[in-house]
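Novice: Following this message is one structure expressed as structure tokens.
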Number of protein chains: 2
Amino acid sequence: MTPSWALDYDTRDCSIAAALAIVGEKWTFLVLREAFNGIRRFGDMQRRTGAPRQILSERLGRLVEEGILRKVPYQEEGQRVRSEYRLTQRGIDLFPVIVALLEWGDKHAAGPAGPILSLTHRDCGAPVELRLRCTSGHDVPSARDVTPVPGPGARRIA
Amino acid sequence: MTPSWALDYDTRDCSIAAALAIVGEKWTFLVLREAFNGIRRFGDMQRRTGAPRQILSERLGRLVEEGILRKVPYQEEGQRVRSEYRLTQRGIDLFPVIVALLEWGDKHAAGPAGPILSLTHRDCGAPVELRLRCTSGHDVPSARDVTPVPGPGARRIA
DNA sequence: CTTGCTAAGTCTGTCAAGTAGACCTAGCTT
DNA sequence: AAGCTAGGTCTACTTGACAGACTTAGCAAG
């Protein structure tokens, strides 16, 4: 939690900043939330996120470019062919980010009536939650039990 | 993953949106990253995040208002008393969000040389990672194994 | 075959937010 | 009293968000 070495290392090429450059915008998170809720169509996304159409269009385009969503054609009875947006594996891998925000929001910013959304295990129905573990198998209850160390790509500041 | 009921429910009071309203801005995430790296001082934050001073000032103020950081006075030899910013418990609870972004970035947006930061268990030194589990004790390997259901605060659309 | 309907997406003008760089401030030292 | 420093604010400019109107492509009814 308090590594004095941090100041000696470069912060460019940070994975967090790189991730945020792709998905770090306000509406993007809400689009992903809806994608994980199974929403796939432009209009539904617009209604449920409240995003302005232009922004939504741009963000969906960006997510497709980045390989987080892909466009899939569909055709409604008596309608022309349109496109819907589905999560790719790369997109599905963002699930923990959404869950982490959801858990923090539930705990610290919940509405008066409690969470409006709850995540359950498909196989047993029990609530799902994020846990920190180390690869030796220990539970890591808090950020206080974590020590950040420089990784392979770390570079000292010149 | 594809609940048809989703469209029937209201999306206001969503915990994710509420969380994002507090910490959802671009520089805020980077400030938190640095906070978890043990950075506490305005100038260090500025150098390491690259945030414009005005934005940084505003974001730090907001995080203090929201009880995510608190100002603590300190005094350097021969300097006047200044304030540093430390995480509160509410702030520490945001750790999974940062870890989730880090893990996704490491996997999908890493720089050429690999991650610059690695998180280890303080007690045993092994790498730390996020896992999804259900409260019955099952591992939940993917978002595909999760079923979202309406929570206690859910409201049908009128 | 033209008029209308729908979902998806774009255009336009306006307004808020982000940004760089200079400037200010308070306490300490010389 | 003049200068240093970390922290913070002011100014002018540029970028991005936004609401509301408009466009497009295919289908269907008249």
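Chains: A, B, ... in order of the structure tokens. Residues: from 1 per chain. Ligands: from 1, in order shown.
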Do me a favour and pick out the residues of chain C within 9 Å of chain A, using only C-alpha atoms (C1' of nucleotides), as a ChimeraX atom specification.
Specialist: /C:6-10
Novice: As a short mmCIF file (atom, residue, chain, number, x, y, z; two decimals) with N, CA and C atoms, in the first residue's frame, please: every residue in stretch 1-136 of chain A that DSSP puts in strand (DSSP E or B).
Specialist:
```
data_model
loop_
_atom_site.label_atom_id
_atom_site.label_comp_id
_atom_site.auth_asym_id
_atom_site.auth_seq_id
_atom_site.Cartn_x
_atom_site.Cartn_y
_atom_site.Cartn_z
N TYR A 9 9.25 5.09 -10.84
CA TYR A 9 8.89 4.38 -12.06
C TYR A 9 7.97 5.18 -12.95
N LEU A 69 -17.47 -5.33 -28.91
CA LEU A 69 -18.76 -5.74 -29.44
C LEU A 69 -18.57 -6.13 -30.90
N ARG A 70 -19.51 -6.95 -31.40
CA ARG A 70 -19.52 -7.16 -32.85
C ARG A 70 -20.93 -6.97 -33.36
N LYS A 71 -21.06 -6.52 -34.61
CA LYS A 71 -22.37 -6.31 -35.21
C LYS A 71 -22.85 -7.61 -35.83
N VAL A 72 -24.10 -7.97 -35.52
CA VAL A 72 -24.69 -9.19 -36.06
C VAL A 72 -26.01 -8.80 -36.72
N PRO A 73 -26.23 -9.19 -37.98
CA PRO A 73 -27.48 -8.83 -38.65
C PRO A 73 -28.65 -9.62 -38.08
N TYR A 74 -29.80 -8.99 -38.03
CA TYR A 74 -31.03 -9.68 -37.65
C TYR A 74 -32.16 -9.09 -38.45
N GLN A 75 -33.24 -9.82 -38.55
CA GLN A 75 -34.40 -9.28 -39.28
C GLN A 75 -35.69 -9.56 -38.53
N VAL A 81 -33.40 -5.71 -42.80
CA VAL A 81 -32.30 -6.24 -42.00
C VAL A 81 -31.62 -5.11 -41.23
N ARG A 82 -31.41 -5.34 -39.97
CA ARG A 82 -30.70 -4.37 -39.15
C ARG A 82 -29.56 -5.07 -38.43
N SER A 83 -28.79 -4.26 -37.66
CA SER A 83 -27.67 -4.84 -36.92
C SER A 83 -27.92 -4.78 -35.43
N GLU A 84 -27.52 -5.83 -34.72
CA GLU A 84 -27.51 -5.73 -33.27
C GLU A 84 -26.07 -5.92 -32.79
N TYR A 85 -25.84 -5.57 -31.54
CA TYR A 85 -24.49 -5.54 -31.00
C TYR A 85 -24.36 -6.61 -29.92
N ARG A 86 -23.38 -7.50 -30.11
CA ARG A 86 -23.17 -8.54 -29.11
C ARG A 86 -21.75 -8.51 -28.56
N LEU A 87 -21.62 -8.90 -27.32
CA LEU A 87 -20.31 -8.94 -26.69
C LEU A 87 -19.43 -10.01 -27.34
N LEU A 117 -30.49 -4.59 -9.22
CA LEU A 117 -30.01 -5.71 -10.01
C LEU A 117 -29.18 -6.61 -9.11
N SER A 118 -29.36 -7.91 -9.29
CA SER A 118 -28.64 -8.85 -8.47
C SER A 118 -28.11 -9.94 -9.39
N LEU A 119 -26.90 -10.38 -9.16
CA LEU A 119 -26.27 -11.37 -10.04
C LEU A 119 -26.27 -12.72 -9.36
N THR A 120 -26.75 -13.74 -10.07
CA THR A 120 -26.82 -15.07 -9.46
C THR A 120 -26.09 -16.09 -10.32
N HIS A 121 -25.63 -17.15 -9.65
CA HIS A 121 -24.97 -18.24 -10.33
C HIS A 121 -26.01 -19.01 -11.15
N PRO A 127 -26.14 -15.87 -4.97
CA PRO A 127 -25.56 -14.59 -5.41
C PRO A 127 -24.08 -14.75 -5.76
N VAL A 128 -23.66 -13.99 -6.74
CA VAL A 128 -22.28 -14.02 -7.22
C VAL A 128 -21.54 -12.81 -6.68
N GLU A 129 -20.27 -13.02 -6.30
CA GLU A 129 -19.49 -11.88 -5.81
C GLU A 129 -18.04 -12.00 -6.24
N LEU A 130 -17.34 -10.87 -6.24
CA LEU A 130 -15.92 -10.85 -6.57
C LEU A 130 -15.09 -11.13 -5.32
N ARG A 131 -14.06 -11.93 -5.47
CA ARG A 131 -13.13 -12.16 -4.37
C ARG A 131 -11.72 -11.94 -4.87
N LEU A 132 -10.87 -11.41 -4.00
CA LEU A 132 -9.44 -11.34 -4.30
C LEU A 132 -8.78 -12.58 -3.72
N ARG A 133 -8.01 -13.26 -4.56
CA ARG A 133 -7.26 -14.42 -4.09
C ARG A 133 -5.84 -14.33 -4.61
N CYS A 134 -4.91 -14.98 -3.93
CA CYS A 134 -3.58 -15.08 -4.51
C CYS A 134 -3.45 -16.46 -5.14
#
```
Novice: Only residues of chain B matter here; which ones have an atom within 6 Å of chain A, counting only C-alpha atoms? Give them as a PyMOL selection string.
Specialist: chain B and resi 1-3+13+15-16+18-19+38+96-97+100-102+105-106+109-111+113-122+126-135+145-154
Novice: Taking only C-alpha atoms (C1' of nucleotides) into account, report as an NGL selection string which residues of chain D lie within 8 Å of chain A.
Specialist: :D and (18 or 25-28)
Novice: Quick one: DSSP alpha helix (DSSP H) residues in chain B, as an MDAnalysis selection string?
Specialist: chainID B and resid 15:23 26:36 42:49 53:65 89:92 95:108
Novice: So how many Å separate atom C1' of C:DC28 and atom CA of B:Arg59, to one decimal?
Specialist: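 Distance reported for this atom pair: 28.4 Å.
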